[in-house]
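J.: Following this line is query-v2.txt, made up of compact mmCIF, C-alpha atoms:
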# COMPACT_ATOMS: atom_id res chain seq x y z
CA MET X 1 0.00 0.00 0.00
CA GLU X 2 1.55 3.22 -1.09
CA MET X 3 -0.26 5.28 1.51
CA ILE X 4 1.50 3.38 4.30
CA GLU X 5 4.89 3.99 2.72
CA ARG X 6 4.07 7.66 2.41
CA TYR X 7 3.08 7.83 6.05
CA ILE X 8 6.24 6.10 7.24
CA TYR X 9 8.36 8.31 5.02
CA ALA X 10 6.63 11.44 6.35
CA VAL X 11 7.33 10.40 9.94
CA THR X 12 10.88 9.12 9.57
CA GLN X 13 12.20 12.00 7.47
CA LYS X 14 11.53 14.24 10.48
CA LEU X 15 13.69 12.02 12.70
CA PRO X 16 17.46 11.70 13.12
CA GLN X 17 19.09 9.56 10.43
CA SER X 18 20.24 6.94 12.93
CA GLN X 19 16.73 6.08 14.11
CA ARG X 20 14.92 6.18 10.77
CA GLU X 21 15.28 2.59 9.70
CA ASP X 22 14.45 1.11 13.07
CA ILE X 23 11.38 3.26 13.62
CA GLY X 24 10.32 2.68 10.02
CA ILE X 25 10.23 -1.10 10.46
CA GLU X 26 8.50 -0.77 13.80
CA LEU X 27 5.84 1.55 12.39
CA ARG X 28 5.18 -0.67 9.40
CA GLY X 29 4.67 -3.63 11.71
CA LEU X 30 2.32 -1.59 13.87
CA ILE X 31 0.23 -0.39 10.93
CA GLU X 32 -0.01 -3.92 9.49
CA ASP X 33 -1.03 -5.27 12.89
CA MET X 34 -3.70 -2.62 13.23
CA ILE X 35 -5.06 -3.30 9.76
CA GLU X 36 -5.05 -7.02 10.35
CA GLU X 37 -7.06 -6.57 13.49
CA ARG X 38 -9.64 -4.60 11.55
CA VAL X 39 -10.12 -6.78 8.50
CA GLY X 40 -8.86 -10.16 9.71
CA ASP X 41 -8.12 -12.31 6.70
CA GLY X 42 -10.42 -10.27 4.43
CA GLU X 43 -9.36 -7.92 1.68
CA VAL X 44 -7.63 -4.71 2.78
CA LYS X 45 -9.45 -1.67 1.45
CA LYS X 46 -8.19 1.85 1.14
CA LYS X 47 -10.71 2.97 3.74
CA ASP X 48 -9.23 0.61 6.34
CA VAL X 49 -5.76 1.96 5.80
CA GLU X 50 -7.03 5.50 6.05
CA GLU X 51 -8.82 4.82 9.29
CA VAL X 52 -5.74 3.26 10.84
CA LEU X 53 -3.55 6.17 9.79
CA ILE X 54 -6.07 8.67 11.15
CA GLU X 55 -6.03 6.81 14.44
CA LEU X 56 -2.25 7.10 14.56
CA GLY X 57 -2.44 10.86 14.02
CA SER X 58 -0.56 13.22 11.74
CA PRO X 59 3.04 12.27 10.86
CA ARG X 60 4.22 15.54 12.34
CA GLU X 61 2.75 14.80 15.77
CA MET X 62 4.02 11.24 15.59
CA ALA X 63 7.54 12.43 14.82
CA ILE X 64 7.36 14.95 17.67
CA LYS X 65 6.42 12.16 20.08
CA TYR X 66 9.34 10.06 18.89
CA ARG X 67 11.76 12.92 19.19
CA GLY X 68 10.50 14.16 22.52
CA THR X 69 13.02 17.02 22.61
CA LYS X 70 12.43 20.72 23.06
CA ARG X 71 10.25 22.39 20.52
CA TYR X 72 11.08 26.04 20.97
CA LEU X 73 13.64 28.52 19.77
CA ILE X 74 13.85 30.75 22.81
CA GLY X 75 13.08 29.22 26.16
CA PRO X 76 11.18 30.81 29.02
CA GLU X 77 14.42 31.83 30.79
CA LEU X 78 15.43 34.09 27.93
CA TYR X 79 12.03 35.12 26.69
CA ASP X 80 11.77 38.25 28.85
CA SER X 81 15.19 39.54 27.82
CA PHE X 82 14.32 38.72 24.23
CA LEU X 83 11.19 40.87 24.38
CA ILE X 84 13.04 43.75 26.04
CA VAL X 85 15.83 43.74 23.49
CA LEU X 86 13.40 43.42 20.62
CA LYS X 87 11.42 46.41 21.88
CA ILE X 88 14.53 48.51 22.45
CA VAL X 89 15.93 47.72 19.04
CA LEU X 90 12.65 48.38 17.26
CA ILE X 91 12.03 51.64 19.12
CA SER X 92 15.55 52.92 18.52
CA MET X 93 15.29 51.92 14.88
CA PHE X 94 12.10 53.96 14.63
CA ALA X 95 13.85 56.85 16.35
CA GLY X 96 16.83 56.61 14.00
CA LEU X 97 14.65 56.43 10.91
CA GLY X 98 12.59 59.35 12.23
CA ILE X 99 15.72 61.46 12.67
CA VAL X 100 16.93 60.49 9.20
CA PHE X 101 13.53 61.47 7.83
CA VAL X 102 13.72 64.89 9.50
CA ILE X 103 17.25 65.43 8.19
CA GLN X 104 16.17 64.49 4.69
CA ILE X 105 13.33 67.00 4.86
CA ILE X 106 15.71 69.69 6.06
CA ILE X 107 18.17 68.93 3.27
CA ASP X 108 15.56 68.58 0.57
CA PRO X 109 12.12 69.87 1.61
CA VAL X 110 10.62 69.69 -1.88
CA GLU X 111 10.88 65.91 -2.04
CA ILE X 112 9.00 65.33 1.19
CA LEU X 113 6.60 62.84 -0.38
CA ASP X 114 9.47 60.77 -1.80
CA HIS X 115 11.17 60.75 1.56
CA PHE X 116 7.97 59.62 3.20
CA VAL X 117 7.51 56.79 0.72
CA GLY X 118 11.16 55.90 1.26
CA LEU X 119 10.57 55.78 5.00
CA ILE X 120 7.63 53.40 4.60
CA VAL X 121 9.59 51.14 2.23
CA THR X 122 12.50 51.06 4.64
CA LEU X 123 10.21 50.18 7.52
CA VAL X 124 8.69 47.30 5.56
CA THR X 125 12.09 45.83 4.80
CA ALA X 126 13.80 46.70 8.06
CA ILE X 127 11.25 45.43 10.59
CA PRO X 128 11.44 41.76 9.52
CA GLN X 129 15.23 42.03 9.35
CA VAL X 130 15.49 43.43 12.84
CA VAL X 131 13.08 40.87 14.27
CA GLY X 132 14.94 38.12 12.41
CA TRP X 133 18.40 39.07 13.64
CA VAL X 134 17.36 39.56 17.23
CA THR X 135 15.59 36.21 17.19
CA LEU X 136 18.60 34.51 15.63
CA VAL X 137 20.96 35.87 18.28
CA PHE X 138 18.68 34.79 21.11
CA ALA X 139 18.05 31.39 19.56
CA LEU X 140 21.82 30.85 19.43
CA VAL X 141 22.25 32.01 23.03
CA ASP X 142 19.47 29.64 24.05
CA TYR X 143 20.98 26.76 22.10
CA TYR X 144 24.51 27.14 23.45
CA GLY X 145 23.92 28.65 26.87
CA GLY X 146 20.37 27.81 27.86
CA VAL X 147 20.97 24.19 28.72
CA GLN X 148 22.86 24.95 31.92
CA THR X 149 20.15 27.14 33.44
CA LYS X 150 17.68 24.38 32.71
CA ASP X 151 19.86 21.78 34.35
CA LEU X 152 20.11 23.97 37.43
CA GLY X 153 16.36 24.17 37.64
CA LEU X 154 15.99 20.40 37.47
CA ASP X 155 18.87 19.60 39.75
CA LYS X 156 17.56 17.46 42.58
CA THR X 157 20.56 17.95 44.80
CA TRP X 158 19.81 21.63 45.03
CA HIS X 159 20.32 23.16 48.44
CA PRO X 160 19.62 26.72 49.63
CA SER X 161 23.34 27.06 50.30
CA MET X 162 23.86 26.80 46.56
CA LEU X 163 21.99 30.04 45.92
CA SER X 164 24.45 32.36 44.27
CA ALA X 165 25.17 35.52 46.22
CA ILE X 166 23.33 38.66 45.27
CA PRO X 167 25.90 40.34 43.06
CA ASP X 168 27.83 43.13 44.68
CA PRO X 169 26.25 46.42 43.56
CA ARG X 170 29.60 47.21 42.01
CA ARG X 171 29.45 44.00 39.98
CA ARG X 172 25.92 44.56 38.84
CA ILE X 173 25.24 45.94 35.42
CA LYS X 174 22.49 48.53 35.55
CA ARG X 175 19.83 47.73 32.99
CA SER X 176 19.92 51.28 31.68
CA GLU X 177 23.56 50.88 30.64
CA PRO X 178 23.15 48.25 27.93
CA ILE X 179 19.78 49.71 26.92
CA VAL X 180 21.33 53.10 26.21
CA GLY X 181 24.13 51.30 24.40
CA ILE X 182 21.74 49.39 22.15
CA ILE X 183 19.74 52.53 21.35
CA PHE X 184 22.93 54.40 20.48
CA TYR X 185 24.32 51.65 18.23
CA VAL X 186 21.04 51.13 16.40
CA ILE X 187 20.63 54.83 15.67
CA VAL X 188 24.24 55.05 14.43
CA MET X 189 23.59 51.97 12.30
CA VAL X 190 20.50 53.53 10.74
CA PHE X 191 22.49 56.68 9.97
CA PHE X 192 25.33 54.78 8.35
CA ALA X 193 22.94 52.64 6.39
CA PHE X 194 21.45 55.76 4.84
CA SER X 195 24.45 57.92 4.22
CA SER X 196 27.71 58.69 5.93
CA ASN X 197 27.05 62.23 4.71
CA PHE X 198 24.68 62.71 7.62
CA PHE X 199 27.72 63.07 9.84
CA GLY X 200 28.94 66.57 9.19
CA VAL X 201 28.59 70.26 9.69
CA TYR X 202 25.14 71.52 8.78
CA VAL X 203 25.33 74.84 6.98
CA PHE X 204 22.36 77.18 7.13
CA ASN X 205 21.98 80.66 5.68
CA ASP X 206 19.07 83.11 5.88
CA GLY X 207 16.93 81.10 3.45
CA GLY X 208 17.28 77.93 5.48
CA PHE X 209 19.37 74.82 5.00
CA ARG X 210 22.14 74.93 2.40
CA GLU X 211 24.32 71.84 2.63
CA VAL X 212 26.19 69.38 4.81
CA VAL X 213 29.96 69.41 4.93
CA PRO X 214 30.61 65.73 5.63
CA PHE X 215 33.21 64.53 8.11
CA LEU X 216 33.75 61.27 6.29
CA ASN X 217 34.93 60.44 2.81
CA GLU X 218 31.80 58.93 1.38
CA ALA X 219 33.31 57.63 -1.85
CA ALA X 220 35.86 55.49 -0.03
CA PHE X 221 33.66 54.80 2.93
CA SER X 222 30.90 53.00 1.04
CA GLN X 223 33.15 49.97 0.56
CA TYR X 224 33.84 49.76 4.30
CA MET X 225 30.15 50.09 5.06
CA PRO X 226 29.27 46.38 5.46
CA LEU X 227 32.21 46.01 7.82
CA VAL X 228 31.05 48.93 9.96
CA LEU X 229 27.46 47.68 10.05
CA LEU X 230 28.65 44.22 11.02
CA LEU X 231 30.81 45.66 13.78
CA LEU X 232 27.90 47.70 15.14
CA ALA X 233 25.74 44.57 15.06
CA ILE X 234 28.38 42.70 17.07
CA PHE X 235 28.46 45.55 19.58
CA ILE X 236 24.68 45.26 19.92
CA VAL X 237 25.12 41.55 20.63
CA LYS X 238 27.61 42.51 23.35
CA GLU X 239 25.07 44.85 24.96
CA CYS X 240 22.41 42.12 24.76
CA LEU X 241 24.73 39.71 26.59
CA LYS X 242 25.26 42.34 29.31
CA LEU X 243 21.53 42.82 29.62
CA ILE X 244 20.88 39.09 29.92
CA SER X 245 23.69 38.47 32.39
CA GLY X 246 22.87 41.45 34.62
CA LYS X 247 26.26 41.19 36.33
CA TRP X 248 29.89 41.03 35.36
CA THR X 249 31.21 37.49 35.14
CA MET X 250 34.46 36.18 33.76
CA LYS X 251 32.56 34.61 30.88
CA LEU X 252 31.00 37.94 30.01
CA VAL X 253 34.40 39.62 30.24
CA GLY X 254 35.69 36.97 27.84
CA TYR X 255 33.06 37.82 25.25
CA THR X 256 33.67 41.54 25.80
CA VAL X 257 37.40 41.10 25.24
CA ILE X 258 36.83 39.23 21.97
CA ILE X 259 34.27 41.72 20.67
CA ASN X 260 36.28 44.76 21.72
CA LEU X 261 39.47 43.36 20.16
CA LEU X 262 37.50 42.87 16.97
CA GLY X 263 36.23 46.43 17.29
CA MET X 264 39.73 47.82 17.78
CA MET X 265 40.98 45.89 14.78
CA VAL X 266 38.22 47.22 12.55
CA VAL X 267 38.64 50.79 13.81
CA SER X 268 42.42 50.68 13.29
CA PHE X 269 41.93 49.19 9.85
CA LEU X 270 39.50 51.93 8.88
CA ILE X 271 41.66 54.74 10.22
CA THR X 272 44.90 53.58 8.63
CA GLY X 273 43.14 53.47 5.28
CA ASP X 274 43.97 57.03 4.27
CA ALA X 275 40.58 57.78 2.77
CA PHE X 276 38.51 57.56 5.94
CA TRP X 277 38.05 61.24 6.77
CA ASN X 278 36.86 63.71 4.18
CA PRO X 279 40.16 65.04 2.73
CA GLU X 280 38.38 68.09 1.36
CA PHE X 281 36.81 69.02 4.67
CA MET X 282 38.54 72.37 5.10
CA SER X 283 38.11 73.50 1.50
CA ASP X 284 34.47 72.35 1.63
CA LEU X 285 34.01 74.53 4.69
CA VAL X 286 35.49 77.45 2.78
CA LYS X 287 33.26 76.77 -0.20
CA SER X 288 30.21 76.66 2.01
CA GLY X 289 31.10 80.13 3.20
CA ILE X 290 31.47 79.39 6.86
CA VAL X 291 35.11 80.42 6.96
CA THR X 292 37.36 82.25 4.54
CA GLU X 293 40.77 80.84 3.75
CA GLY X 294 43.63 82.42 5.66
CA SER X 295 41.39 83.96 8.32
CA GLU X 296 41.83 83.35 11.99
CA GLY X 297 38.64 81.28 12.00
CA TYR X 298 40.09 79.05 9.29
CA GLN X 299 43.17 78.30 11.32
CA ILE X 300 41.17 77.54 14.43
CA GLY X 301 38.89 75.32 12.37
CA GLU X 302 41.82 73.49 10.82
CA THR X 303 43.47 72.91 14.17
CA ILE X 304 40.23 71.59 15.65
CA TRP X 305 39.62 69.37 12.61
CA LYS X 306 43.10 67.87 12.57
CA ASN X 307 43.22 67.26 16.27
CA SER X 308 39.69 66.06 16.73
CA THR X 309 39.93 63.38 14.05
CA ARG X 310 42.93 62.02 15.85
CA ILE X 311 41.45 62.46 19.31
CA ILE X 312 38.20 60.72 18.37
CA VAL X 313 40.11 57.65 17.26
CA ILE X 314 42.16 57.65 20.44
CA LEU X 315 39.03 58.11 22.55
CA LEU X 316 37.34 55.25 20.72
CA LEU X 317 40.28 52.92 21.33
CA VAL X 318 40.65 54.03 24.96
CA GLY X 319 36.91 53.54 25.42
CA LEU X 320 37.08 49.97 24.17
CA VAL X 321 40.11 49.18 26.32
CA TRP X 322 38.45 50.77 29.35
CA ASP X 323 35.23 48.84 28.74
CA THR X 324 37.24 45.63 28.88
CA ILE X 325 39.25 46.60 31.96
CA GLU X 326 36.18 47.83 33.79
CA GLY X 327 34.42 44.53 33.15
CA PHE X 328 37.46 42.60 34.33
CA ILE X 329 37.78 44.62 37.54
CA LYS X 330 34.09 44.34 38.31
CA ALA X 331 33.95 40.63 37.57
CA ARG X 332 36.76 40.02 40.06
CA LYS X 333 34.92 41.68 42.91
CA LYS X 334 33.55 39.08 45.25
CA MET F 1 -13.16 26.00 28.87
CA ASN F 2 -16.20 24.18 30.12
CA GLU F 3 -16.37 21.56 32.82
CA GLN F 4 -15.84 18.59 30.53
CA GLU F 5 -12.81 20.15 28.87
CA HIS F 6 -11.19 20.76 32.24
CA ILE F 7 -11.83 17.16 33.22
CA ASP F 8 -10.43 15.90 29.91
CA LYS F 9 -7.29 17.94 30.32
CA LEU F 10 -6.69 16.82 33.89
CA MET F 11 -7.39 13.20 32.99
CA LEU F 12 -4.85 13.44 30.20
CA GLU F 13 -2.22 14.54 32.71
CA LEU F 14 -3.20 11.80 35.15
CA ARG F 15 -3.07 9.15 32.44
CA ARG F 16 0.27 10.37 31.16
CA GLY F 17 1.73 9.87 34.60
CA THR F 18 0.34 6.42 35.20
CA ILE F 19 0.89 4.92 31.78
CA THR F 20 4.55 4.18 32.45
CA ILE F 21 3.67 2.05 35.45
CA GLY F 22 1.08 0.24 33.36
CA VAL F 23 3.61 -0.49 30.65
CA LEU F 24 6.31 -1.68 33.04
CA SER F 25 3.81 -3.93 34.81
CA GLN F 26 3.20 -5.98 31.67
CA LEU F 27 6.77 -6.41 30.53
CA SER F 28 8.08 -9.13 32.81
CA VAL F 29 7.37 -11.24 29.73
CA PRO F 30 8.48 -9.92 26.33
CA GLN F 31 5.82 -8.08 24.35
CA TYR F 32 5.91 -6.21 21.10
CA GLY F 33 4.26 -2.82 20.76
CA TYR F 34 0.90 -3.76 19.41
CA SER F 35 0.39 -6.79 21.61
CA LEU F 36 1.00 -4.48 24.56
CA VAL F 37 -1.58 -1.99 23.27
CA THR F 38 -4.15 -4.77 23.03
CA LEU F 39 -3.21 -6.18 26.40
CA LEU F 40 -3.49 -2.85 28.17
CA ASN F 41 -6.76 -1.93 26.45
CA GLU F 42 -8.25 -5.30 27.41
CA LYS F 43 -7.40 -4.53 31.01
CA GLY F 44 -9.05 -1.15 30.82
CA VAL F 45 -5.95 1.03 30.46
CA GLN F 46 -6.57 3.17 27.39
CA VAL F 47 -3.40 3.84 25.45
CA GLU F 48 -2.88 4.83 21.85
CA PRO F 49 -0.16 3.19 19.76
CA GLY F 50 1.08 6.66 18.80
CA THR F 51 1.84 7.27 22.47
CA LEU F 52 3.03 3.83 23.42
CA TYR F 53 5.61 3.23 20.67
CA PRO F 54 7.65 6.37 21.38
CA LEU F 55 7.31 5.68 25.12
CA LEU F 56 8.77 2.19 24.69
CA ARG F 57 11.74 3.59 22.82
CA ARG F 58 12.29 6.22 25.47
CA LEU F 59 12.19 3.67 28.28
CA GLU F 60 14.63 1.51 26.36
CA LYS F 61 16.97 4.46 25.92
CA GLN F 62 16.77 5.13 29.64
CA GLY F 63 17.76 1.54 30.28
CA LEU F 64 14.52 0.38 31.90
CA LEU F 65 13.69 -1.91 29.00
CA GLU F 66 15.63 -4.26 26.79
CA SER F 67 14.65 -5.02 23.25
CA LEU F 68 15.07 -7.80 20.76
CA TRP F 69 14.09 -8.02 17.10
CA ASP F 70 12.21 -11.18 16.18
CA THR F 71 12.55 -11.77 12.47
CA ASN F 72 11.15 -15.30 12.39
CA GLU F 73 7.53 -14.23 12.10
CA ALA F 74 5.72 -12.91 9.03
CA ARG F 75 6.79 -9.39 9.87
CA PRO F 76 9.75 -8.34 11.97
CA ARG F 77 8.77 -7.34 15.48
CA LYS F 78 10.62 -5.59 18.21
CA TYR F 79 10.03 -7.25 21.57
CA TYR F 80 10.51 -5.28 24.75
CA LYS F 81 11.16 -6.67 28.20
CA LEU F 82 12.04 -5.25 31.60
CA SER F 83 15.75 -4.90 32.24
CA LYS F 84 17.15 -5.65 35.67
CA MET F 85 17.10 -2.00 36.52
CA GLY F 86 13.62 -1.65 35.01
CA ASN F 87 12.39 -4.38 37.31
CA GLU F 88 13.74 -2.66 40.39
CA VAL F 89 12.36 0.69 39.27
CA TYR F 90 8.98 -0.93 38.68
CA GLU F 91 8.84 -2.45 42.14
CA GLN F 92 9.75 0.84 43.75
CA LEU F 93 7.19 2.64 41.62
CA CYS F 94 4.49 0.22 42.76
CA LYS F 95 5.23 1.02 46.38
CA GLU F 96 5.10 4.74 45.67
CA TRP F 97 1.87 4.29 43.78
CA GLU F 98 0.20 2.37 46.57
CA GLY F 99 1.26 5.02 49.04
CA MET F 100 -0.17 7.70 46.80
CA VAL F 101 -3.45 5.87 46.38
CA ALA F 102 -3.72 5.38 50.13
CA SER F 103 -3.12 9.06 50.91
CA LEU F 104 -5.50 10.25 48.23
CA ASP F 105 -8.14 7.75 49.31
CA HIS F 106 -7.78 9.08 52.80
CA LEU F 107 -8.14 12.67 51.61
CA ILE F 108 -11.16 11.94 49.46
CA HIS F 109 -12.95 9.87 52.06
CA THR F 110 -12.38 12.21 55.00
CA ARG F 111 -13.87 14.97 52.92
CA LYS F 112 -16.88 12.82 52.08
CA ASP F 113 -17.36 11.93 55.73
CA GLU F 114 -17.28 15.58 56.71
CA GLU F 115 -19.86 16.43 54.10
CA ASP F 116 -22.05 13.58 55.26
CA GLY F 117 -21.67 14.81 58.82
CA ASN F 118 -22.83 18.29 57.86
CA ASP F 119 -26.02 17.09 56.29
In structure tokens, what does this structure look like?
T.:
Amino acid sequence: MEMIERYIYAVTQKLPQSQREDIGIELRGLIEDMIEERVGDGEVKKKDVEEVLIELGSPREMAIKYRGTKRYLIGPELYDSFLIVLKIVLISMFAGLGIVFVIQIIIDPVEILDHFVGLIVTLVTAIPQVVGWVTLVFALVDYYGGVQTKDLGLDKTWHPSMLSAIPDPRRRIKRSEPIVGIIFYVIVMVFFAFSSNFFGVYVFNDGGFREVVPFLNEAAFSQYMPLVLLLLAIFIVKECLKLISGKWTMKLVGYTVIINLLGMMVVSFLITGDAFWNPEFMSDLVKSGIVTEGSEGYQIGETIWKNSTRIIVILLLVGLVWDTIEGFIKARKK
Amino acid sequence: MNEQEHIDKLMLELRRGTITIGVLSQLSVPQYGYSLVTLLNEKGVQVEPGTLYPLLRRLEKQGLLESLWDTNEARPRKYYKLSKMGNEVYEQLCKEWEGMVASLDHLIHTRKDEEDGND
């Protein structure tokens, strides 16, 4: 009977390779036994087979019973953090897109309708992406880290003395800290995704907005873009881990070290590429009419520009190093 | 949910818990899946093959049952039988079960007596 073969195939293909054959034979025997009981030595009709298969239930349910393992992506232990992070990321994405929208209107007020349509299109594509990535990260955390918490819950030898100490206030990570971090990174991400030209000096004259003098070299920067977005995404993962953990532990410090090292590598790589900052920044400023070449203002501007580009990089690196050290110090506190 | 649905749901949970004892009780002699279904149903313990077959495999994996393929018959059949550990577990389970029945009986009957007294 082909229907039986189909049923067995449908069940076994949802099971691990190693069990398929065994369960297949067993199921076939069961179905034949059940049919035999129904019809005895008489002729087996299609209806009999159907009835037996209906009694056994859908192949999906049958396979689930055979597998008997967990059937969820994100377990109850992580679900709350998952919802919080998802909300934060979505809200900050909305905020970022809103700011971008406002900037676009300032830059180009005539095209307001186009910008609005653009905003809607971006929302439609971005929301599933955001939800997808956040879910993926949490599913991975659940898969690799969730098992231990579950084991703890089921541990029969549990004793009140095993309760872990309330973390020292100095070890605790305030919830607001990673939340602010996530909001910041998402907004920066949204900005980069639109245009690195949003980072710059906004020039207005009496009529209103005139132009942006960009800090970054957009032509060269566009090729680094995926790298920067990826790095920001990794930083968001770091903040999520902090939020979930709630306190500094050596494991968390380990992740932070890896992610921050990665961050430092990417930042150094970007900076040493000569085309990172806008090389025309000063002459662009002159063109925009903010300063005139040779004036005192020009020299002050140039000094600030040259120093600040360097200082920002140093601050960024110091910040990453400090983040790591801070975590290490706090994790060591008993 | 109405009354009957609540009862059905609770009964399902009760049955799920007791079915293992029922299965272990019949496996001092080797049985294959479907013969066990018939045997249990005859004795008033309702169990579906779709529940029993995976349960047998799970118990075997846990080491409470041993299995053996019999290929001499018309169709190959997997016979299950209590392992040594399974036997010990079963005996302990029986004791626990009897204790549970006794305590629950006590609870149910005291309550009935009180109600009768109030009338």
J.: Give me the residues near region 96-110 of chain X as a PDB file with C-alpha atoms, in the coordinates of the input, where near means some atom within 12 Å (using all atoms listed in the file) and where sequence neighbours in that chain fewer than 5 positions away do not count.
T.:
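Saved to part25.pdb:
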ATOM      1  CA  ILE X  88      14.530  48.510  22.450  1.00  0.00           C
ATOM      2  CA  VAL X  89      15.930  47.720  19.040  1.00  0.00           C
ATOM      3  CA  LEU X  90      12.650  48.380  17.260  1.00  0.00           C
ATOM      4  CA  ILE X  91      12.030  51.640  19.120  1.00  0.00           C
ATOM      5  CA  HIS X 115      11.170  60.750   1.560  1.00  0.00           C
ATOM      6  CA  PHE X 116       7.970  59.620   3.200  1.00  0.00           C
ATOM      7  CA  VAL X 117       7.510  56.790   0.720  1.00  0.00           C
ATOM      8  CA  GLY X 118      11.160  55.900   1.260  1.00  0.00           C
ATOM      9  CA  LEU X 119      10.570  55.780   5.000  1.00  0.00           C
ATOM     10  CA  ILE X 120       7.630  53.400   4.600  1.00  0.00           C
ATOM     11  CA  VAL X 121       9.590  51.140   2.230  1.00  0.00           C
ATOM     12  CA  THR X 122      12.500  51.060   4.640  1.00  0.00           C
ATOM     13  CA  LEU X 123      10.210  50.180   7.520  1.00  0.00           C
ATOM     14  CA  ALA X 126      13.800  46.700   8.060  1.00  0.00           C
ATOM     15  CA  ILE X 127      11.250  45.430  10.590  1.00  0.00           C
ATOM     16  CA  ILE X 182      21.740  49.390  22.150  1.00  0.00           C
ATOM     17  CA  ILE X 183      19.740  52.530  21.350  1.00  0.00           C
ATOM     18  CA  PHE X 184      22.930  54.400  20.480  1.00  0.00           C
ATOM     19  CA  TYR X 185      24.320  51.650  18.230  1.00  0.00           C
ATOM     20  CA  VAL X 186      21.040  51.130  16.400  1.00  0.00           C
ATOM     21  CA  ILE X 187      20.630  54.830  15.670  1.00  0.00           C
ATOM     22  CA  VAL X 188      24.240  55.050  14.430  1.00  0.00           C
ATOM     23  CA  MET X 189      23.590  51.970  12.300  1.00  0.00           C
ATOM     24  CA  VAL X 190      20.500  53.530  10.740  1.00  0.00           C
ATOM     25  CA  PHE X 191      22.490  56.680   9.970  1.00  0.00           C
ATOM     26  CA  PHE X 192      25.330  54.780   8.350  1.00  0.00           C
ATOM     27  CA  ALA X 193      22.940  52.640   6.390  1.00  0.00           C
ATOM     28  CA  PHE X 194      21.450  55.760   4.840  1.00  0.00           C
ATOM     29  CA  SER X 195      24.450  57.920   4.220  1.00  0.00           C
ATOM     30  CA  SER X 196      27.710  58.690   5.930  1.00  0.00           C
ATOM     31  CA  ASN X 197      27.050  62.230   4.710  1.00  0.00           C
ATOM     32  CA  PHE X 198      24.680  62.710   7.620  1.00  0.00           C
ATOM     33  CA  PHE X 199      27.720  63.070   9.840  1.00  0.00           C
ATOM     34  CA  GLY X 200      28.940  66.570   9.190  1.00  0.00           C
ATOM     35  CA  TYR X 202      25.140  71.520   8.780  1.00  0.00           C
ATOM     36  CA  VAL X 203      25.330  74.840   6.980  1.00  0.00           C
ATOM     37  CA  PHE X 204      22.360  77.180   7.130  1.00  0.00           C
ATOM     38  CA  GLY X 207      16.930  81.100   3.450  1.00  0.00           C
ATOM     39  CA  GLY X 208      17.280  77.930   5.480  1.00  0.00           C
ATOM     40  CA  PHE X 209      19.370  74.820   5.000  1.00  0.00           C
ATOM     41  CA  ARG X 210      22.140  74.930   2.400  1.00  0.00           C
ATOM     42  CA  GLU X 211      24.320  71.840   2.630  1.00  0.00           C
ATOM     43  CA  VAL X 212      26.190  69.380   4.810  1.00  0.00           C
ATOM     44  CA  VAL X 213      29.960  69.410   4.930  1.00  0.00           C
TER      45      VAL X 213
END
J.: What are the residues of chain X lining chain F at 9 Å or less? Count only C-alpha atoms, and put the answer as a list in words.
T.: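 The complete set of qualifying residues is Ile25, Glu26, Leu27, Arg28, Gly29, Leu30, Glu32, Asp33, Met34, Glu55, Leu56, Gly57, Glu61, Met62, Ala63, Lys65, Tyr66, Arg67 and Gly68 of chain X.
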J.: Show me, as a PyMOL selection string, the residues that have an atom within 12 Å of Glu50 (chain X) when counting all atoms listed in the file, minus same-chain residues fewer than 2 positions from it.
T.: chain X and resi 1-4+6-7+31+34-35+38+44-48+52-58
J.: Which is closest to Phe215 (chain X) among X:Pro178, X:Gly75, X:Pro279, X:Gly40, if we use all atoms listed in the file?
T.: X:Pro279
J.: What does the structure give for the distance between CA of Leu68 (chain F) and CA of Val29 (chain F), in Å to one decimal?
T.: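 If I compute the distance from CA of Leu68 (chain F) to CA of Val29 (chain F), I get 12.3 Å.
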J.: Give as a ChimeraX atom specification every residue, naming chains and numbers as the document does, that has an atom within 8 Å of (12.5, 2.0, 7.1), counting only C-alpha atoms.
T.: /X:8-9,12,20-25
J.: So, with only C-alpha atoms as the atoms that count, which of X:Met225, X:Glu111, X:Ser81, X:Val267 lies closest to Gly246 (chain X)?
T.: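 Of the candidates, the smallest distance to Gly246 (chain X) is held by X:Ser81.
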J.: Just want the 9 Å neighbourhood of Glu239 (chain X), counted on all atoms listed in the file, with same-chain residues fewer than 2 positions away dropped. Output as a ChimeraX atom specification.
T.: /X:177-179,181-182,234-237,241-244
J.: Please produce an output containing C-alpha atoms for each residue in the selection, written as a short mmCIF file (atom, residue, chain, number, x, y, z; two decimals), in the frame of the given file.
T.:
data_model
loop_
_atom_site.label_atom_id
_atom_site.label_comp_id
_atom_site.auth_asym_id
_atom_site.auth_seq_id
_atom_site.Cartn_x
_atom_site.Cartn_y
_atom_site.Cartn_z
CA GLU X 177 23.56 50.88 30.64
CA PRO X 178 23.15 48.25 27.93
CA ILE X 179 19.78 49.71 26.92
CA GLY X 181 24.13 51.30 24.40
CA ILE X 182 21.74 49.39 22.15
CA ILE X 234 28.38 42.70 17.07
CA PHE X 235 28.46 45.55 19.58
CA ILE X 236 24.68 45.26 19.92
CA VAL X 237 25.12 41.55 20.63
CA LEU X 241 24.73 39.71 26.59
CA LYS X 242 25.26 42.34 29.31
CA LEU X 243 21.53 42.82 29.62
CA ILE X 244 20.88 39.09 29.92
#
J.: Of the residues X:Leu316, X:Ile329, X:Val253, X:Val201, which is the one nearest to Leu285 (chain X), using all atoms listed in the file?
T.: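 Closest to Leu285 (chain X) of all the choices is X:Val201.
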